[in-house]
$ cat final-v8.txt   # compact mmCIF, C-alpha atoms
# COMPACT_ATOMS: atom_id res chain seq x y z
CA MET O 2 -29.18 -185.82 -127.33
CA ASP O 3 -29.93 -188.13 -124.49
CA THR O 4 -30.74 -186.65 -121.08
CA VAL O 5 -30.26 -183.15 -119.71
CA HIS O 6 -31.22 -181.58 -116.39
CA LEU O 7 -32.67 -178.11 -116.12
CA VAL O 8 -33.24 -175.96 -113.05
CA ALA O 9 -36.34 -173.90 -113.79
CA ILE O 10 -38.99 -171.72 -112.19
CA MET O 11 -42.58 -172.79 -112.71
CA ALA O 12 -45.53 -170.49 -112.17
CA PRO O 13 -48.50 -171.31 -109.92
CA GLY O 14 -51.47 -173.07 -111.53
CA SER O 15 -53.52 -170.13 -112.80
CA ALA O 16 -50.49 -168.35 -114.31
CA GLU O 17 -49.20 -171.66 -115.70
CA ALA O 18 -52.54 -172.19 -117.46
CA ARG O 19 -52.42 -168.72 -119.03
CA ILE O 20 -48.83 -169.19 -120.23
CA GLY O 21 -49.86 -172.61 -121.56
CA ARG O 22 -52.54 -170.88 -123.65
CA VAL O 23 -49.85 -168.55 -125.03
CA GLN O 24 -47.76 -171.59 -126.02
CA ALA O 25 -50.83 -173.16 -127.67
CA ALA O 26 -51.54 -169.94 -129.59
CA LEU O 27 -47.94 -169.80 -130.83
CA PHE O 28 -48.19 -173.41 -132.02
CA SER O 29 -51.57 -172.77 -133.63
CA SER O 30 -50.38 -169.68 -135.50
CA SER O 31 -46.95 -170.98 -136.54
CA GLY O 32 -47.13 -174.78 -136.46
CA LEU O 33 -43.77 -174.87 -134.65
CA LEU O 34 -43.72 -177.92 -132.37
CA SER O 35 -41.12 -176.56 -129.97
CA ALA O 36 -43.62 -173.93 -128.78
CA GLN O 37 -45.36 -176.68 -126.78
CA ALA O 38 -42.53 -179.14 -126.20
CA LEU O 39 -42.10 -178.21 -122.54
CA PRO O 40 -44.46 -176.96 -119.86
CA PRO O 41 -44.49 -173.23 -119.06
CA LEU O 42 -41.17 -172.57 -117.33
CA VAL O 43 -38.47 -169.97 -116.86
CA PRO O 44 -35.14 -171.72 -117.43
CA VAL O 45 -32.44 -170.96 -114.86
CA ALA O 46 -29.53 -173.31 -115.62
CA PHE O 47 -28.71 -176.57 -117.36
CA VAL O 48 -26.78 -178.57 -114.77
CA GLN O 49 -25.22 -181.94 -114.25
CA PRO O 50 -27.51 -183.82 -111.88
CA PRO O 51 -26.47 -183.24 -108.27
CA ARG O 52 -25.36 -186.33 -106.34
CA SER O 53 -28.21 -185.74 -103.95
CA VAL O 54 -31.21 -183.65 -104.93
CA THR O 55 -32.28 -183.48 -101.29
CA GLY O 56 -31.53 -179.95 -100.18
CA PHE O 57 -30.30 -178.80 -103.60
CA LEU O 58 -33.44 -176.87 -104.52
CA SER O 59 -34.04 -175.57 -101.00
CA THR O 60 -30.55 -174.05 -101.12
CA LEU O 61 -31.40 -172.33 -104.40
CA ALA O 62 -34.78 -171.17 -103.07
CA SER O 63 -33.13 -169.65 -100.01
CA ARG O 64 -30.98 -167.50 -102.32
CA ALA O 65 -34.00 -166.06 -104.16
CA GLY O 66 -34.36 -163.33 -101.56
CA SER O 67 -37.50 -161.28 -101.12
CA PRO O 68 -39.52 -159.40 -101.82
CA TRP O 69 -39.93 -160.37 -105.44
CA ARG O 70 -42.76 -160.54 -107.89
CA VAL O 71 -42.70 -162.03 -111.37
CA ARG O 72 -44.44 -159.91 -113.99
CA THR O 73 -44.84 -160.73 -117.66
CA ALA O 74 -43.23 -158.45 -120.22
CA ARG O 75 -42.88 -158.53 -124.00
CA PHE O 76 -41.69 -161.37 -126.22
CA PHE O 77 -38.00 -161.41 -127.11
CA TRP O 78 -35.61 -163.62 -129.06
CA CYS O 79 -32.43 -165.02 -127.52
CA ASP O 80 -29.99 -166.94 -129.72
CA GLY O 81 -32.78 -168.02 -132.08
CA TRP O 82 -35.34 -169.02 -129.41
CA LEU O 83 -38.46 -167.12 -128.35
CA PHE O 84 -39.18 -166.15 -124.75
CA LEU O 85 -42.09 -164.41 -123.08
CA GLY O 86 -40.14 -161.91 -121.01
CA THR O 87 -40.49 -161.52 -117.29
CA SER O 88 -39.33 -159.10 -114.68
CA THR O 89 -38.45 -160.84 -111.42
CA ASP O 90 -37.08 -158.04 -109.23
CA GLY O 91 -33.66 -159.71 -109.42
CA MET O 92 -34.84 -163.09 -108.13
CA TRP O 93 -33.99 -164.96 -111.37
CA GLY O 94 -30.40 -163.67 -111.33
CA ARG O 95 -29.88 -164.60 -107.69
CA VAL O 96 -31.21 -168.13 -108.24
CA ARG O 97 -29.10 -168.50 -111.41
CA GLU O 98 -25.98 -167.42 -109.52
CA ALA O 99 -26.76 -169.87 -106.69
CA ALA O 100 -27.25 -172.70 -109.22
CA ALA O 101 -23.87 -171.92 -110.76
CA ARG O 102 -22.26 -172.27 -107.31
CA ALA O 103 -24.23 -175.34 -106.20
CA ALA O 104 -24.01 -177.56 -109.29
CA GLN O 105 -21.68 -178.28 -112.15
CA PRO O 106 -22.92 -176.80 -115.42
CA ALA O 107 -24.07 -179.30 -118.04
CA PRO O 108 -21.67 -179.72 -120.96
CA GLY O 109 -24.46 -178.75 -123.36
CA SER O 110 -27.90 -177.20 -123.34
CA LEU O 111 -31.00 -177.43 -125.51
CA PHE O 112 -31.60 -173.71 -125.67
CA PRO O 113 -30.32 -170.57 -123.95
CA VAL O 114 -31.48 -169.67 -120.47
CA ALA O 115 -33.05 -166.25 -120.17
CA GLU O 116 -35.28 -164.31 -117.82
CA GLY O 117 -38.52 -165.30 -119.48
CA PHE O 118 -40.89 -168.18 -120.14
CA PHE O 119 -39.46 -170.51 -122.78
CA ALA O 120 -41.70 -170.28 -125.85
CA GLY O 121 -39.68 -172.44 -128.26
CA CYS O 122 -39.90 -171.57 -131.97
CA GLY O 123 -36.23 -172.46 -132.46
CA GLU O 124 -37.04 -174.27 -135.68
CA ALA O 125 -38.33 -171.05 -137.27
CA ARG O 126 -36.42 -170.09 -140.38
CA GLN O 127 -36.44 -166.47 -139.30
CA GLU O 128 -37.33 -164.70 -136.09
CA GLY O 129 -39.76 -162.35 -137.83
CA SER O 130 -43.22 -161.79 -136.43
CA ILE O 131 -44.09 -165.22 -135.03
CA ALA O 132 -45.21 -163.73 -131.72
CA ALA O 133 -46.85 -160.61 -133.21
CA ALA O 134 -50.34 -162.10 -133.36
CA THR O 135 -50.10 -163.64 -129.88
CA ALA O 136 -51.33 -161.53 -126.99
CA VAL O 137 -49.04 -161.16 -124.01
CA PRO O 138 -50.99 -161.89 -120.83
CA ASP O 139 -50.75 -159.23 -118.16
CA LEU O 140 -50.06 -161.31 -115.09
CA TRP O 141 -47.93 -161.41 -111.99
CA PHE O 142 -47.29 -163.81 -109.15
CA SER O 143 -45.20 -163.91 -105.97
CA ALA O 144 -45.24 -167.66 -105.32
CA ALA O 145 -43.82 -170.30 -107.62
CA ARG O 146 -41.89 -173.56 -107.62
CA ILE O 147 -38.26 -174.14 -108.37
CA VAL O 148 -37.85 -177.49 -110.07
CA LEU O 149 -35.18 -179.83 -111.34
CA LEU O 150 -36.46 -181.12 -114.66
CA LYS O 151 -35.08 -184.16 -116.45
CA ILE O 152 -35.51 -183.84 -120.21
CA GLN O 153 -34.92 -186.80 -122.55
CA SER O 154 -35.06 -187.19 -126.31
CA PRO O 155 -33.68 -189.79 -128.70
CA ARG O 156 -33.50 -187.09 -131.38
CA GLU O 157 -30.51 -185.01 -132.38
CA GLN O 158 -29.80 -181.73 -130.60
CA GLY O 159 -31.33 -179.73 -133.47
CA GLU O 160 -34.73 -181.43 -133.29
CA TRP O 161 -35.15 -182.64 -129.70
CA TRP O 162 -38.65 -181.10 -129.50
CA ARG O 163 -40.04 -183.63 -132.02
CA GLU O 164 -39.85 -186.47 -129.48
CA VAL O 165 -39.33 -185.33 -125.93
CA ARG O 166 -40.09 -186.63 -122.46
CA TRP O 167 -39.73 -184.56 -119.34
CA GLU O 168 -40.10 -185.30 -115.65
CA ILE O 169 -39.94 -183.15 -112.55
CA VAL O 170 -37.26 -184.86 -110.46
CA GLU O 171 -37.57 -182.50 -107.50
CA SER O 172 -39.70 -179.48 -106.64
CA HIS O 173 -39.49 -176.87 -103.90
CA PRO O 174 -41.70 -173.87 -103.08
CA LEU O 175 -40.35 -170.48 -104.02
CA ARG O 176 -41.98 -167.58 -102.23
CA GLY O 177 -41.62 -163.84 -102.46
CA ARG O 178 -43.55 -161.28 -100.55
CA ARG O 179 -46.15 -159.10 -102.14
CA LYS O 180 -45.12 -155.54 -102.64
CA THR O 181 -47.55 -152.91 -101.55
$ encode --input "final-v8.txt" --output "structure tokens"
Amino acid sequence: MDTVHLVAIMAPGSAEARIGRVQAALFSSSGLLSAQALPPLVPVAFVQPPRSVTGFLSTLASRAGSPWRVRTARFFWCDGWLFLGTSTDGMWGRVREAAARAAQPAPGSLFPVAEGFFAGCGEARQEGSIAAATAVPDLWFSAARIVLLKIQSPREQGEWWREVRWEIVESHPLRGRRKT
């Protein structure tokens, strides 16, 4: 693996801190490094870097629609990776569709994209009950950031989390309206 680019949704500070504690608890209980390899994020699409990032994320943000509110749900496994599920009132799907139209997909990806916070654990020998002892925080938010993340690792695809660097290349506010 060398460098990949990921469009992702990042929670506001207080929610990010709580999801970060979930990642730390998963690492503490399982010892699986990938649980904390990346910051708390909801992956949208692995893409080839756009020629110009200026305007790319604002285009995606404009497609999010509103109102929307992200709410945490239960843990789930997707193709061998653990996610803390979310419900986004359709916002995640709209942003994912817009990303597919606005950028070329990357030829490969590190993990599947799913409507949930990436929780790693891909190196687990079995899916089992890794998340069973970890409490799911009951939280919601209606403001976030959409980011283009550059992820680099000199390691092979199957162990990228052992030595990883990431950088937010671009960030744009993502706002929904509160539902009453």
$ atom_distance --input "final-v8.txt" --atom1 "atom CA of Thr89 of chain O" --atom2 "atom CA of Pro108 of chain O"
27.0 Å
$ closest_residue --input "final-v8.txt" --among "O:Arg64, O:Arg102, O:Arg166, O:Arg75" --to "Val48 of chain O" --atoms "all atoms listed in the file"
O:Arg102
$ residues_around --input "final-v8.txt" --residues "segment 143-150 of chain O" --least-positions-apart "6" --cutoff "6 Å" --atoms "all atoms listed in the file" --output "number ranges by chain"
O: 6-13, 70, 168-177
$ atom_distance --input "final-v8.txt" --atom1 "atom CA of Leu111 of chain O" --atom2 "atom CA of Pro50 of chain O"
15.5 Å
$ atom_distance --input "final-v8.txt" --atom1 "atom CA of Gly21 of chain O" --atom2 "atom CA of Leu85 of chain O"
11.4 Å
$ closest_residue --input "final-v8.txt" --among "O:Thr55, O:Ser110, O:Ser88, O:Gln49" --to "Trp69 of chain O" --atoms "only C-alpha atoms"
O:Ser88
$ closest_residue --input "final-v8.txt" --among "O:Ala136, O:Val43, O:Leu33, O:Cys79" --to "Gly94 of chain O" --atoms "all atoms listed in the file"
O:Val43
$ residues_around --input "final-v8.txt" --residues "Met92 of chain O" --least-positions-apart "3" --cutoff "8 Å" --atoms "only C-alpha atoms" --output "VMD selection string"
chain O and resid 65 to 67 69 89 95 to 96
$ residues_around --input "final-v8.txt" --residues "Ala120 of chain O" --least-positions-apart "3" --cutoff "12 Å" --atoms "only C-alpha atoms" --output "number ranges by chain"
O: 20-28, 31, 33-44, 75-79, 81-86, 112-117, 123-125, 131-132, 135, 137, 162
$ closest_residue --input "final-v8.txt" --among "O:Trp161, O:Phe118, O:Phe57, O:Trp93" --to "Arg19 of chain O" --atoms "all atoms listed in the file"
O:Phe118
$ closest_residue --input "final-v8.txt" --among "O:Gly159, O:Val5, O:Pro51, O:Thr73" --to "Asp90 of chain O" --atoms "only C-alpha atoms"
O:Thr73
$ residues_near_point --input "final-v8.txt" --point "(-45.8, -165.8, -113.8)" --cutoff "6 Å" --atoms "all atoms listed in the file" --output "PyMOL selection string"
chain O and resi 12+16+71+141-142
$ write_last_selection --input "final-v8.txt" --atoms "C-alpha atoms" --output "compact mmCIF listing (two decimals), in the frame of the given file"
# COMPACT_ATOMS: atom_id res chain seq x y z
CA ALA O 12 -45.53 -170.49 -112.17
CA ALA O 16 -50.49 -168.35 -114.31
CA VAL O 71 -42.70 -162.03 -111.37
CA TRP O 141 -47.93 -161.41 -111.99
CA PHE O 142 -47.29 -163.81 -109.15
$ decode --input "final-v8.txt" --residues "segment 14-56 of chain O" --atoms "N, CA and C atoms" --output "tab-separated table (two decimals), in the first residue's frame"
chain	number	residue	atom	x	y	z
O	14	GLY	N	-16.62	17.87	17.75
O	14	GLY	CA	-15.69	17.56	18.84
O	14	GLY	C	-16.19	16.66	19.95
O	15	SER	N	-17.33	16.98	20.56
O	15	SER	CA	-17.80	16.19	21.70
O	15	SER	C	-18.16	14.78	21.27
O	16	ALA	N	-18.82	14.62	20.13
O	16	ALA	CA	-19.16	13.28	19.63
O	16	ALA	C	-17.90	12.55	19.20
O	17	GLU	N	-16.96	13.25	18.60
O	17	GLU	CA	-15.70	12.64	18.18
O	17	GLU	C	-14.96	12.08	19.40
O	18	ALA	N	-14.96	12.83	20.50
O	18	ALA	CA	-14.30	12.37	21.72
O	18	ALA	C	-14.96	11.10	22.26
O	19	ARG	N	-16.28	11.05	22.23
O	19	ARG	CA	-16.98	9.85	22.73
O	19	ARG	C	-16.72	8.64	21.84
O	20	ILE	N	-16.70	8.83	20.53
O	20	ILE	CA	-16.40	7.73	19.61
O	20	ILE	C	-14.94	7.30	19.79
O	21	GLY	N	-14.06	8.27	20.03
O	21	GLY	CA	-12.66	7.96	20.30
O	21	GLY	C	-12.51	7.07	21.53
O	22	ARG	N	-13.33	7.32	22.55
O	22	ARG	CA	-13.30	6.46	23.75
O	22	ARG	C	-13.78	5.05	23.43
O	23	VAL	N	-14.74	4.93	22.51
O	23	VAL	CA	-15.19	3.61	22.07
O	23	VAL	C	-14.04	2.88	21.38
O	24	GLN	N	-13.33	3.58	20.49
O	24	GLN	CA	-12.18	2.97	19.81
O	24	GLN	C	-11.13	2.53	20.82
O	25	ALA	N	-10.87	3.37	21.82
O	25	ALA	CA	-9.88	3.03	22.85
O	25	ALA	C	-10.33	1.80	23.65
O	26	ALA	N	-11.61	1.71	23.96
O	26	ALA	CA	-12.13	0.55	24.70
O	26	ALA	C	-12.01	-0.72	23.87
O	27	LEU	N	-12.27	-0.63	22.57
O	27	LEU	CA	-12.11	-1.80	21.70
O	27	LEU	C	-10.65	-2.25	21.68
O	28	PHE	N	-9.73	-1.31	21.57
O	28	PHE	CA	-8.31	-1.65	21.58
O	28	PHE	C	-7.93	-2.26	22.92
O	29	SER	N	-8.38	-1.66	24.00
O	29	SER	CA	-8.05	-2.14	25.34
O	29	SER	C	-8.55	-3.56	25.57
O	30	SER	N	-9.77	-3.85	25.11
O	30	SER	CA	-10.35	-5.17	25.36
O	30	SER	C	-9.84	-6.24	24.39
O	31	SER	N	-9.43	-5.83	23.19
O	31	SER	CA	-9.05	-6.84	22.19
O	31	SER	C	-7.57	-6.80	21.80
O	32	GLY	N	-6.92	-5.66	22.01
O	32	GLY	CA	-5.52	-5.52	21.60
O	32	GLY	C	-5.35	-5.36	20.09
O	33	LEU	N	-6.44	-5.14	19.37
O	33	LEU	CA	-6.37	-5.02	17.91
O	33	LEU	C	-6.04	-3.57	17.53
O	34	LEU	N	-4.86	-3.39	16.93
O	34	LEU	CA	-4.36	-2.05	16.62
O	34	LEU	C	-5.26	-1.27	15.68
O	35	SER	N	-5.90	-1.94	14.74
O	35	SER	CA	-6.69	-1.22	13.75
O	35	SER	C	-7.87	-0.48	14.36
O	36	ALA	N	-8.25	-0.83	15.60
O	36	ALA	CA	-9.35	-0.14	16.26
O	36	ALA	C	-9.05	1.34	16.48
O	37	GLN	N	-7.76	1.68	16.57
O	37	GLN	CA	-7.37	3.07	16.79
O	37	GLN	C	-6.47	3.63	15.70
O	38	ALA	N	-6.42	2.98	14.56
O	38	ALA	CA	-5.52	3.41	13.49
O	38	ALA	C	-5.93	4.74	12.86
O	39	LEU	N	-7.22	5.00	12.84
O	39	LEU	CA	-7.74	6.22	12.22
O	39	LEU	C	-8.60	6.97	13.22
O	40	PRO	N	-8.79	8.27	13.02
O	40	PRO	CA	-9.67	9.01	13.91
O	40	PRO	C	-11.12	8.56	13.70
O	41	PRO	N	-12.01	8.92	14.61
O	41	PRO	CA	-13.42	8.56	14.42
O	41	PRO	C	-13.96	9.17	13.12
O	42	LEU	N	-14.40	8.30	12.22
O	42	LEU	CA	-14.92	8.78	10.94
O	42	LEU	C	-15.90	7.77	10.36
O	43	VAL	N	-16.80	8.29	9.54
O	43	VAL	CA	-17.74	7.47	8.78
O	43	VAL	C	-17.24	7.51	7.33
O	44	PRO	N	-16.71	6.40	6.83
O	44	PRO	CA	-16.17	6.40	5.47
O	44	PRO	C	-17.29	6.52	4.43
O	45	VAL	N	-17.05	7.33	3.42
O	45	VAL	CA	-18.03	7.54	2.35
O	45	VAL	C	-17.55	6.89	1.05
O	46	ALA	N	-16.31	7.18	0.64
O	46	ALA	CA	-15.81	6.61	-0.62
O	46	ALA	C	-14.30	6.76	-0.68
O	47	PHE	N	-13.64	5.71	-1.16
O	47	PHE	CA	-12.22	5.81	-1.51
O	47	PHE	C	-12.19	6.33	-2.94
O	48	VAL	N	-11.45	7.42	-3.15
O	48	VAL	CA	-11.45	8.08	-4.45
O	48	VAL	C	-10.02	8.36	-4.91
O	49	GLN	N	-9.87	8.55	-6.22
O	49	GLN	CA	-8.62	9.08	-6.72
O	49	GLN	C	-8.64	10.57	-6.39
O	50	PRO	N	-7.51	11.14	-6.01
O	50	PRO	CA	-7.54	12.54	-5.61
O	50	PRO	C	-8.03	13.43	-6.76
O	51	PRO	N	-8.97	14.32	-6.46
O	51	PRO	CA	-9.45	15.21	-7.52
O	51	PRO	C	-8.33	16.16	-7.96
O	52	ARG	N	-8.40	16.60	-9.20
O	52	ARG	CA	-7.36	17.52	-9.71
O	52	ARG	C	-7.31	18.78	-8.87
O	53	SER	N	-8.46	19.25	-8.48
O	53	SER	CA	-8.54	20.42	-7.61
O	53	SER	C	-9.50	20.10	-6.47
O	54	VAL	N	-9.00	20.18	-5.24
O	54	VAL	CA	-9.89	19.91	-4.11
O	54	VAL	C	-10.79	21.09	-3.81
O	55	THR	N	-10.43	22.27	-4.33
O	55	THR	CA	-11.26	23.45	-4.12
O	55	THR	C	-12.62	23.22	-4.76
O	56	GLY	N	-13.64	23.26	-3.97
O	56	GLY	CA	-15.00	23.08	-4.46
O	56	GLY	C	-15.47	21.64	-4.45
